[in-house]
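K.L.:
For reference, this is coords_28.tsv, and it has TSV, C-alpha atoms and all ligand atoms.
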chain	number	residue	atom	x	y	z
A	85	MET	CA	0.00	0.00	0.00
A	86	LEU	CA	1.30	3.46	-0.88
A	87	VAL	CA	0.77	5.88	1.99
A	88	GLN	CA	0.16	9.48	1.03
A	89	PRO	CA	1.76	11.70	3.66
A	90	ARG	CA	0.03	14.92	4.55
A	91	TYR	CA	2.40	17.20	2.64
A	92	GLU	CA	0.72	20.49	1.95
A	93	ARG	CA	-1.35	22.56	4.27
A	94	ALA	CA	-2.31	26.04	3.23
A	95	THR	CA	-1.74	27.59	6.63
A	96	ARG	CA	1.75	26.14	6.89
A	97	ASP	CA	2.67	27.29	3.40
A	98	SER	CA	1.56	30.84	4.03
A	99	TRP	CA	3.60	30.78	7.25
A	100	MET	CA	6.67	29.70	5.26
A	101	ALA	CA	6.39	32.73	3.01
A	102	GLN	CA	6.31	35.29	5.79
A	103	VAL	CA	8.37	33.87	8.66
A	104	ASP	CA	10.33	36.57	10.48
A	105	PHE	CA	13.52	35.07	11.95
A	106	ASP	CA	13.43	37.53	14.85
A	107	LEU	CA	10.20	35.88	15.94
A	108	ALA	CA	10.49	32.28	14.84
A	109	PRO	CA	13.02	29.76	13.57
A	110	PHE	CA	12.51	28.16	10.19
A	111	THR	CA	14.00	24.88	11.42
A	112	ILE	CA	14.19	23.35	14.88
A	113	ALA	CA	16.35	20.30	15.46
A	114	TRP	CA	15.37	18.24	18.48
A	115	GLU	CA	17.96	15.65	19.48
A	116	VAL	CA	15.40	13.28	20.97
A	117	THR	CA	18.16	10.94	22.15
A	118	ARG	CA	21.93	10.79	21.95
A	119	ALA	CA	21.90	7.01	21.85
A	120	CYS	CA	23.14	5.39	18.66
A	121	VAL	CA	24.76	2.05	17.88
A	122	PHE	CA	27.09	3.75	15.36
A	123	SER	CA	30.20	5.78	16.24
A	124	CYS	CA	30.76	7.76	13.04
A	125	VAL	CA	34.10	9.48	12.57
A	126	HIS	CA	32.55	12.97	12.24
A	127	CYS	CA	29.70	12.67	14.77
A	128	ARG	CA	28.63	16.08	16.14
A	129	ALA	CA	26.89	14.51	19.10
A	130	ASP	CA	29.65	12.14	20.15
A	131	ALA	CA	26.77	9.66	20.35
A	132	GLN	CA	26.59	7.05	23.09
A	133	ARG	CA	25.42	3.45	23.04
A	134	ARG	CA	22.73	3.83	25.70
A	135	ARG	CA	19.94	6.33	26.19
A	136	HIS	CA	20.64	8.92	28.87
A	137	PRO	CA	18.40	8.38	31.93
A	138	GLU	CA	17.62	12.09	32.04
A	139	GLU	CA	16.49	12.49	28.42
A	140	LEU	CA	13.33	14.56	28.04
A	141	SER	CA	10.40	12.27	28.82
A	142	THR	CA	7.39	11.79	26.58
A	143	GLU	CA	5.36	14.27	28.61
A	144	GLU	CA	8.20	16.80	28.54
A	145	GLY	CA	8.38	16.27	24.77
A	146	PHE	CA	4.67	17.02	24.40
A	147	ALA	CA	5.11	20.15	26.55
A	148	LEU	CA	8.02	21.25	24.37
A	149	ILE	CA	5.94	20.80	21.21
A	150	ASP	CA	3.11	22.78	22.81
A	151	ARG	CA	5.49	25.71	23.18
A	152	LEU	CA	7.02	25.30	19.70
A	153	ARG	CA	3.59	25.75	18.10
A	154	GLU	CA	3.84	29.39	19.22
A	155	PHE	CA	6.41	29.78	16.43
A	156	GLY	CA	3.95	28.77	13.70
A	157	SER	CA	4.93	25.94	11.36
A	158	PRO	CA	8.68	25.45	11.44
A	159	ILE	CA	10.30	22.21	10.30
A	160	LEU	CA	10.89	20.03	13.36
A	161	VAL	CA	13.74	17.61	12.70
A	162	PHE	CA	13.67	14.57	14.97
A	163	THR	CA	17.36	13.81	15.17
A	164	GLY	CA	19.91	12.16	17.43
A	165	GLY	CA	21.88	10.01	18.05
A	166	ASP	CA	19.45	7.70	16.39
A	167	PRO	CA	15.87	8.95	16.92
A	168	MET	CA	14.54	5.46	16.15
A	169	MET	CA	15.89	4.37	19.53
A	170	ARG	CA	13.00	6.17	21.25
A	171	ARG	CA	9.93	3.99	21.63
A	172	ASP	CA	7.63	7.01	21.80
A	173	LEU	CA	9.01	8.51	18.58
A	174	PHE	CA	5.85	8.15	16.49
A	175	ASP	CA	3.67	9.56	19.28
A	176	LEU	CA	5.91	12.62	19.42
A	177	ILE	CA	5.88	12.99	15.63
A	178	ALA	CA	2.09	12.68	15.46
A	179	TYR	CA	1.73	15.23	18.23
A	180	ALA	CA	4.02	17.65	16.38
A	181	ASP	CA	2.10	17.16	13.15
A	182	GLU	CA	-1.20	17.83	14.88
A	183	ALA	CA	0.36	20.98	16.38
A	184	GLY	CA	1.02	22.28	12.86
A	185	LEU	CA	4.78	21.70	12.80
A	186	ARG	CA	6.54	19.96	9.88
A	187	PRO	CA	8.16	16.78	11.15
A	188	SER	CA	11.26	15.40	9.47
A	189	LEU	CA	13.38	12.41	10.50
A	190	THR	CA	17.09	11.51	10.36
A	191	PRO	CA	17.35	7.82	11.29
A	192	THR	CA	20.60	5.94	11.53
A	193	ALA	CA	21.00	3.18	8.93
A	194	THR	CA	20.45	0.27	11.29
A	195	THR	CA	17.88	-2.50	10.89
A	196	SER	CA	15.44	-0.39	12.94
A	197	PRO	CA	13.84	1.70	10.13
A	198	THR	CA	11.98	-1.22	8.58
A	199	LYS	CA	9.44	-0.59	5.87
A	200	GLN	CA	6.67	-1.02	8.41
A	201	ARG	CA	8.21	1.53	10.78
A	202	LEU	CA	8.79	3.97	7.94
A	203	ARG	CA	5.12	3.58	7.02
A	204	LEU	CA	4.21	4.40	10.61
A	205	ALA	CA	6.48	7.44	10.44
A	206	ALA	CA	4.69	8.62	7.30
A	207	LEU	CA	1.28	8.06	8.89
A	208	ALA	CA	2.41	9.97	11.98
A	209	GLY	CA	3.20	12.98	9.79
A	210	VAL	CA	6.83	12.74	8.69
A	211	ARG	CA	7.36	14.40	5.33
A	212	ARG	CA	10.96	13.62	4.62
A	213	VAL	CA	13.58	11.14	5.71
A	214	ALA	CA	17.24	12.15	5.48
A	215	LEU	CA	19.97	9.50	5.23
A	216	SER	CA	23.73	9.98	5.36
A	217	LEU	CA	25.83	8.75	2.45
A	218	ASP	CA	29.46	9.77	2.25
A	219	GLY	CA	30.33	8.17	-1.06
A	220	PRO	CA	28.70	6.54	-4.07
A	221	SER	CA	29.96	3.08	-3.06
A	222	PRO	CA	30.32	1.15	0.21
A	223	GLU	CA	34.09	1.49	0.76
A	224	VAL	CA	34.34	5.11	1.91
A	225	HIS	CA	30.94	5.24	3.57
A	226	ASP	CA	31.37	2.12	5.69
A	227	ALA	CA	34.82	3.27	6.78
A	228	PHE	CA	33.36	6.62	7.93
A	229	ARG	CA	30.47	4.97	9.70
A	230	ARG	CA	32.73	2.27	11.09
A	231	VAL	CA	30.06	-0.31	10.30
A	232	GLU	CA	30.36	-2.80	7.48
A	233	GLY	CA	27.12	-3.08	5.52
A	234	SER	CA	25.77	0.36	6.51
A	235	TRP	CA	25.90	1.57	2.88
A	236	GLU	CA	23.73	-1.34	1.74
A	237	ARG	CA	21.29	-0.76	4.58
A	238	THR	CA	21.07	2.93	3.71
A	239	MET	CA	20.10	2.00	0.16
A	240	THR	CA	17.38	-0.32	1.46
A	241	ILE	CA	15.98	2.38	3.76
A	242	LEU	CA	15.94	4.93	0.94
A	243	ARG	CA	14.03	2.51	-1.28
A	244	ASN	CA	11.58	1.55	1.46
A	245	ALA	CA	10.97	5.18	2.42
A	246	GLN	CA	10.05	6.07	-1.13
A	247	GLU	CA	7.76	3.05	-1.41
A	248	VAL	CA	5.74	4.25	1.58
A	249	GLY	CA	5.44	7.75	0.10
A	250	LEU	CA	8.15	9.64	1.97
A	251	SER	CA	10.40	12.07	0.15
A	252	THR	CA	14.08	11.35	0.70
A	253	GLN	CA	17.17	13.43	1.20
A	254	VAL	CA	20.80	12.36	0.97
A	255	ASN	CA	23.22	14.04	3.38
A	256	THR	CA	26.92	13.97	2.51
A	257	THR	CA	29.57	15.27	4.89
A	258	VAL	CA	32.51	16.76	2.99
A	259	THR	CA	35.95	16.08	4.44
A	260	THR	CA	39.47	15.69	3.11
A	261	HIS	CA	38.72	11.96	2.84
A	262	ASN	CA	35.86	12.13	0.36
A	263	VAL	CA	35.94	15.55	-1.34
A	264	HIS	CA	37.30	13.92	-4.51
A	265	LEU	CA	34.26	11.62	-4.64
A	266	LEU	CA	31.65	14.39	-4.85
A	267	PRO	CA	31.35	14.40	-8.68
A	268	GLY	CA	30.57	10.69	-8.49
A	269	MET	CA	27.70	11.41	-6.11
A	270	VAL	CA	25.68	13.38	-8.67
A	271	ASP	CA	24.42	10.46	-10.78
A	272	PHE	CA	24.12	8.44	-7.63
A	273	VAL	CA	21.80	10.96	-5.89
A	274	ARG	CA	19.72	11.11	-9.04
A	275	SER	CA	19.56	7.33	-9.34
A	276	VAL	CA	18.27	6.84	-5.79
A	277	GLY	CA	15.45	9.35	-6.38
A	278	ALA	CA	16.39	11.82	-3.62
A	279	VAL	CA	14.64	15.21	-3.80
A	280	GLN	CA	17.51	16.95	-2.07
A	281	TRP	CA	21.26	16.52	-1.75
A	282	SER	CA	22.38	18.22	1.43
A	283	VAL	CA	26.12	18.71	1.25
A	284	PHE	CA	27.36	19.30	4.76
A	285	PHE	CA	30.62	21.18	5.29
A	286	LEU	CA	32.38	19.93	8.38
A	287	VAL	CA	32.27	21.88	11.63
A	288	PRO	CA	35.16	20.59	13.76
A	289	MET	CA	33.42	19.51	16.96
A	290	GLY	CA	32.46	16.25	18.68
A	291	ARG	CA	34.47	13.51	16.99
A	292	ALA	CA	35.07	15.70	13.91
A	293	GLN	CA	38.60	17.05	13.75
A	294	GLN	CA	39.97	20.21	12.16
A	295	LEU	CA	42.40	18.03	10.25
A	296	SER	CA	39.50	16.51	8.31
A	297	MET	CA	38.18	19.93	7.27
A	298	ILE	CA	38.89	20.96	3.69
A	299	SER	CA	40.72	24.28	3.20
A	300	ALA	CA	39.02	27.62	2.56
A	301	GLU	CA	40.16	27.42	-1.08
A	302	GLU	CA	38.63	23.95	-1.41
A	303	HIS	CA	35.39	25.24	0.11
A	304	GLU	CA	35.33	27.93	-2.59
A	305	ARG	CA	35.94	25.45	-5.36
A	306	VAL	CA	33.31	22.98	-4.14
A	307	LEU	CA	30.67	25.66	-3.48
A	308	THR	CA	31.18	27.15	-6.95
A	309	TRP	CA	30.89	23.68	-8.47
A	310	LEU	CA	27.72	23.02	-6.48
A	311	TYR	CA	26.18	26.28	-7.61
A	312	GLU	CA	26.84	25.48	-11.29
A	313	LEU	CA	25.51	21.99	-10.71
A	314	SER	CA	22.33	23.32	-9.09
A	315	ARG	CA	21.38	24.89	-12.42
A	316	GLU	CA	21.49	21.56	-14.22
A	317	VAL	CA	20.16	18.88	-11.92
A	318	ASP	CA	16.54	18.06	-11.15
A	319	PHE	CA	17.07	17.63	-7.40
A	320	ASP	CA	17.57	20.38	-4.86
A	321	ILE	CA	21.09	21.10	-3.63
A	322	LYS	CA	21.60	22.49	-0.15
A	323	ALA	CA	24.97	23.60	1.21
A	324	THR	CA	24.66	22.94	4.94
A	325	ALA	CA	26.90	24.80	7.41
A	326	ALA	CA	28.13	26.90	4.48
A	327	PRO	CA	26.18	30.17	4.34
A	328	MET	CA	28.83	31.52	1.98
A	329	TYR	CA	27.05	29.45	-0.67
A	330	ARG	CA	24.69	32.43	-0.86
A	331	ARG	CA	27.62	34.75	-1.52
A	332	VAL	CA	28.91	32.37	-4.20
A	333	ALA	CA	25.42	32.22	-5.75
A	334	ALA	CA	25.17	36.01	-5.75
A	335	GLN	CA	28.59	36.35	-7.40
A	336	HIS	CA	27.78	33.82	-10.12
A	337	SER	CA	24.16	34.67	-10.85
A	338	ASP	CA	24.88	37.22	-13.62
A	339	GLY	CA	22.42	39.72	-12.24
A	340	ALA	CA	19.65	37.13	-11.91
A	341	ASP	CA	18.00	36.60	-8.56
A	342	PRO	CA	20.71	34.64	-6.68
A	343	VAL	CA	18.18	33.02	-4.39
A	344	ALA	CA	15.94	31.76	-7.18
A	345	GLY	CA	19.04	30.98	-9.24
A	346	ALA	CA	20.39	28.74	-6.55
A	347	GLY	CA	17.16	26.75	-6.52
A	348	PHE	CA	16.33	27.59	-2.92
A	349	SER	CA	12.86	26.10	-2.92
A	350	PHE	CA	11.43	22.70	-3.49
A	351	HIS	CA	7.91	21.38	-3.58
A	352	ASP	CA	7.37	18.71	-0.98
A	353	GLY	CA	6.15	20.85	1.90
A	354	LEU	CA	9.65	21.58	3.19
A	355	ASP	CA	10.39	24.56	0.96
A	356	ARG	CA	13.40	26.60	1.89
A	357	PRO	CA	13.14	30.21	3.03
A	358	VAL	CA	14.32	33.16	0.99
A	359	GLN	CA	16.33	34.45	3.95
A	360	GLY	CA	19.57	32.76	4.89
A	361	VAL	CA	19.21	30.37	7.83
A	362	ASN	CA	22.15	30.36	10.22
A	363	ASP	CA	22.79	29.28	13.80
A	364	GLY	CA	20.31	31.18	15.97
A	365	ARG	CA	18.97	33.02	12.93
A	366	GLY	CA	16.11	30.87	11.71
A	367	PHE	CA	17.57	27.86	13.52
A	368	LEU	CA	17.19	26.48	17.03
A	369	PHE	CA	18.47	23.30	18.67
A	370	VAL	CA	17.15	21.39	21.69
A	371	SER	CA	19.39	18.67	23.11
A	372	HIS	CA	18.35	15.29	24.51
A	373	LEU	CA	18.51	16.83	28.01
A	374	GLY	CA	16.50	19.89	27.01
A	375	ASP	CA	19.40	22.31	26.62
A	376	ILE	CA	18.70	25.17	24.22
A	377	THR	CA	21.48	26.21	21.84
A	378	PRO	CA	21.54	28.21	18.58
A	379	SER	CA	22.35	24.99	16.68
A	380	GLY	CA	23.84	21.57	17.21
A	381	PHE	CA	27.11	22.98	15.88
A	382	LEU	CA	27.19	25.96	18.23
A	383	PRO	CA	27.04	24.30	21.64
A	384	ILE	CA	26.60	27.36	23.84
A	385	THR	CA	23.76	26.50	26.19
A	386	VAL	CA	21.57	29.52	26.92
A	387	GLY	CA	18.65	27.81	28.64
A	388	ASN	CA	16.85	24.54	29.23
A	389	VAL	CA	13.28	23.74	28.24
A	390	ARG	CA	12.71	22.25	31.69
A	391	HIS	CA	12.88	25.67	33.31
A	392	ASP	CA	13.10	28.28	30.54
A	393	ASP	CA	10.57	29.27	27.91
A	394	VAL	CA	12.06	28.19	24.59
A	395	VAL	CA	10.13	30.88	22.70
A	396	ASP	CA	11.43	33.64	24.95
A	397	VAL	CA	15.00	32.31	24.74
A	398	TYR	CA	14.94	32.24	20.93
A	399	ARG	CA	13.46	35.71	20.61
A	400	ASN	CA	15.21	37.55	23.41
A	401	HIS	CA	18.39	35.93	24.67
A	402	ASP	CA	21.46	38.12	24.07
A	403	LEU	CA	23.31	35.42	22.13
A	404	PHE	CA	20.39	34.74	19.78
A	405	ARG	CA	19.90	38.46	19.21
A	406	ALA	CA	23.61	38.93	18.50
A	407	LEU	CA	23.60	36.06	16.02
A	408	ARG	CA	20.76	37.74	14.14
A	409	ASP	CA	22.54	41.09	13.99
A	410	PRO	CA	25.20	41.19	11.24
A	411	THR	CA	26.62	44.42	12.64
A	412	ARG	CA	27.85	42.43	15.66
A	413	LEU	CA	30.15	40.23	13.54
A	414	SER	CA	33.89	40.80	13.71
A	415	GLY	CA	36.89	40.17	11.46
A	416	LYS	CA	36.30	39.68	7.75
A	417	CYS	CA	32.64	38.80	8.24
A	418	GLY	CA	32.12	42.08	10.10
A	419	VAL	CA	33.15	44.24	7.13
A	420	CYS	CA	31.90	41.95	4.39
A	421	GLU	CA	29.42	43.33	1.88
A	422	PHE	CA	27.71	39.90	1.97
A	423	ARG	CA	27.30	39.74	5.75
A	424	ASP	CA	23.51	40.19	5.57
A	425	VAL	CA	22.95	37.27	3.18
A	426	CYS	CA	25.80	35.10	4.47
A	427	GLY	CA	27.26	36.03	7.83
A	428	GLY	CA	29.59	33.02	7.97
A	429	GLN	CA	28.95	29.75	9.78
A	430	ARG	CA	28.84	30.70	13.44
A	431	GLY	CA	29.47	27.22	14.84
A	432	ARG	CA	32.69	26.85	12.85
A	433	ALA	CA	33.87	30.30	13.95
A	434	TYR	CA	33.24	29.25	17.54
A	435	ALA	CA	34.87	25.83	17.18
A	436	VAL	CA	38.05	27.26	15.69
A	437	THR	CA	38.38	30.61	17.51
A	438	GLY	CA	36.19	30.35	20.62
A	439	ASP	CA	34.21	33.43	19.50
A	440	PRO	CA	30.81	32.78	17.89
A	441	LEU	CA	30.88	36.22	16.21
A	442	ALA	CA	34.35	35.86	14.65
A	443	SER	CA	35.01	35.22	10.95
A	444	ASP	CA	34.23	31.85	9.43
A	445	PRO	CA	37.67	30.30	8.79
A	446	ALA	CA	36.28	28.23	5.89
A	447	CYS	CA	35.65	31.30	3.73
A	448	ALA	CA	38.31	32.36	1.22
A	449	TYR	CA	36.59	35.59	0.23
A	450	VAL	CA	38.41	38.86	0.99
A	451	PRO	CA	35.84	41.66	1.44
A	452	ALA	CA	36.59	45.00	-0.22
A	453	GLY	CA	36.78	46.72	3.16
A	454	TRP	CA	39.09	44.18	4.76
A	455	THR	CA	42.45	45.61	5.83
A	456	GLY	CA	43.52	42.91	8.26
B	1	LIG	S1	33.69	36.95	4.77
B	1	LIG	FE1	32.11	36.11	6.14
B	1	LIG	S2	30.20	37.18	5.52
B	1	LIG	FE2	31.69	37.46	3.85
B	1	LIG	S3	31.25	35.82	2.42
B	1	LIG	FE3	32.88	35.10	3.79
B	1	LIG	S4	31.84	33.98	5.45
B	1	LIG	FE4	30.32	35.26	4.37
For the structure just supplied, provide its representation as structure tokens.

P.N.:
Amino acid sequence: MLVQPRYERATRDSWMAQVDFDLAPFTIAWEVTRACVFSCVHCRADAQRRRHPEELSTEEGFALIDRLREFGSPILVFTGGDPMMRRDLFDLIAYADEAGLRPSLTPTATTSPTKQRLRLAALAGVRRVALSLDGPSPEVHDAFRRVEGSWERTMTILRNAQEVGLSTQVNTTVTTHNVHLLPGMVDFVRSVGAVQWSVFFLVPMGRAQQLSMISAEEHERVLTWLYELSREVDFDIKATAAPMYRRVAAQHSDGADPVAGAGFSFHDGLDRPVQGVNDGRGFLFVSHLGDITPSGFLPITVGNVRHDDVVDVYRNHDLFRALRDPTRLSGKCGVCEFRDVCGGQRGRAYAVTGDPLASDPACAYVPAGWTG
């Protein structure tokens, strides 16, 4: 049986068009658990084998969702760890869907996301499933994931997800180990029927090391290549943790609208915003213990949903306000003519320099006003 997920809702779509990032995030990532049987080389979460005894409970999860509905209809990514390790996952997803949020799921490629469970996820309200693939063949991917057979399992999950009516997304983390394999991913992403290829540029935290990060010059080359590619392919390309993709798009758009030119929207109910999303600016992260941070890659805890109002923290906390104010940036980003549309990846600036408002070290661009 083909399940038809509840993709489009007029109220949610009109919210998407007018969301003000000072009032609401476009995307919220909720790390429902940090437990995961994998121990991937570049894991942000430094995932653990067992669930933490103090994870947010089901009731606390419902209470969190009740508050998140105040934001309107943001995407709510159920992430981890491996979110499938929570027995109440589908109850939480269904509750979020009923609340008007847009649930999305990032399962680990274990045997847990069976076709039946993916069908339940779709029925609960999940619109898209995102799977990680670091290369077009098993060798590189399985070495990254440190699990033999994980590539094959990922392929099975992708196929099963599509058969139950879910749209699928392939996430690829770019490091020095696989950057040369990216061209080979293009036909592969197309062949597996993914609607989006999310190319994630490493932020050196958790188990990810600076040594694995490609250079600023390599970032420039890959982002330019991705932009050119985005004009040819029939799937959406997203450069994750690389807001300078917007600068690259603007520089290469020949006077055309750089946002439209970069294909920043897609029609499966998870359309992308016209404003640039960045840590704390259109993005919010809640950890498995309820800690509130601007993103999973900017681990500065500014509250906890157990005793702080998540809506108030997002709108009014000094750090969130600073992250939404490009005039507060320093270094190259502070004088850059693209700071409003880009602003640099804040988590990477923090990971490398200790200052979340410093320049993004992955950007090779030299602004006209830079004298440093
Ligand atoms: S200098 Fe900073 S704001 Fe300018 S393009 Fe690079 S990362 Fe973006």

K.L.:
Between A:Val389, A:Val287, A:Ala180, A:Leu441, which residue has the minimum interatomic distance to ligand LIG 1 (chain B), considering all atoms listed in the file?

P.N.:
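Residue with the minimum atom-to-atom distance to ligand LIG 1 (chain B): A:Leu441.
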
K.L.:
So how many Å separate CA of Arg408 in chain A and CA of Gln429 in chain A, to one decimal?

P.N.:
12.2 Å

K.L.:
If we count all atoms listed in the file, what is near range 250-266 of chain A at a cut-off of 6 Å, once residues fewer than 3 positions away on the same chain are taken out, given as a ChimeraX atom specification?

P.N.:
/A:211-218,245-246,269,278-285,296-298

K.L.:
Taking into account only C-alpha atoms and all ligand atoms, which residue in the set A:Glu236, A:Asp375, A:Asp166, A:Asp424 is nearest to ligand LIG 1 (chain B)?

P.N.:
A:Asp424

K.L.:
Taking only C-alpha atoms and all ligand atoms into account, which residues are within 10 Å of ligand LIG 1 (chain B), as a VMD selection string?

P.N.:
chain A and resid 300 304 326 to 332 410 413 to 430 433 442 to 452 454

K.L.:
How many Å lie between CA of Pro220 in chain A and CA of Ser234 in chain A, rounded to one decimal?

P.N.:
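So the two atoms, CA of Pro220 in chain A and CA of Ser234 in chain A, lie 12.6 Å apart.
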
K.L.:
Env of Gly164 in chain A: 9 Å cut, atoms = all atoms listed in the file, seq-sep filter 6 positions within chain, self excluded. Answer as number ranges by chain.

P.N.:
A: 114-120, 129, 131, 190-192, 371-372

K.L.:
Could you please determine the separation between CA of Glu138 in chain A and CA of Ala205 in chain A in Å, to one decimal place?

P.N.:
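Computed distance, CA of Glu138 in chain A to CA of Ala205 in chain A, equals 24.7 Å.
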
K.L.:
Emit as JSON the padded axis-aligned box for all listed atoms of range 202-205 of chain A, 3 Å per side, with centre and edge lengths in Å to one decimal.

P.N.:
{"center_x": 6.5, "center_y": 5.5, "center_z": 8.8, "size_x": 10.6, "size_y": 9.9, "size_z": 9.6}

K.L.:
Show me the residues around (22.1, 4.7, -4.2) - criterion: an atom at most 9 Å away, only C-alpha atoms counted - as an mmCIF file with C-alpha atoms, keeping the file's coordinate frame.

P.N.:
data_model
loop_
_atom_site.group_PDB
_atom_site.id
_atom_site.type_symbol
_atom_site.label_atom_id
_atom_site.label_comp_id
_atom_site.auth_asym_id
_atom_site.auth_seq_id
_atom_site.Cartn_x
_atom_site.Cartn_y
_atom_site.Cartn_z
ATOM 1 C CA LEU A 217 25.830 8.750 2.450
ATOM 2 C CA PRO A 220 28.700 6.540 -4.070
ATOM 3 C CA SER A 221 29.960 3.080 -3.060
ATOM 4 C CA TRP A 235 25.900 1.570 2.880
ATOM 5 C CA GLU A 236 23.730 -1.340 1.740
ATOM 6 C CA THR A 238 21.070 2.930 3.710
ATOM 7 C CA MET A 239 20.100 2.000 0.160
ATOM 8 C CA THR A 240 17.380 -0.320 1.460
ATOM 9 C CA LEU A 242 15.940 4.930 0.940
ATOM 10 C CA ARG A 243 14.030 2.510 -1.280
ATOM 11 C CA MET A 269 27.700 11.410 -6.110
ATOM 12 C CA PHE A 272 24.120 8.440 -7.630
ATOM 13 C CA VAL A 273 21.800 10.960 -5.890
ATOM 14 C CA ARG A 274 19.720 11.110 -9.040
ATOM 15 C CA SER A 275 19.560 7.330 -9.340
ATOM 16 C CA VAL A 276 18.270 6.840 -5.790
ATOM 17 C CA GLY A 277 15.450 9.350 -6.380
#
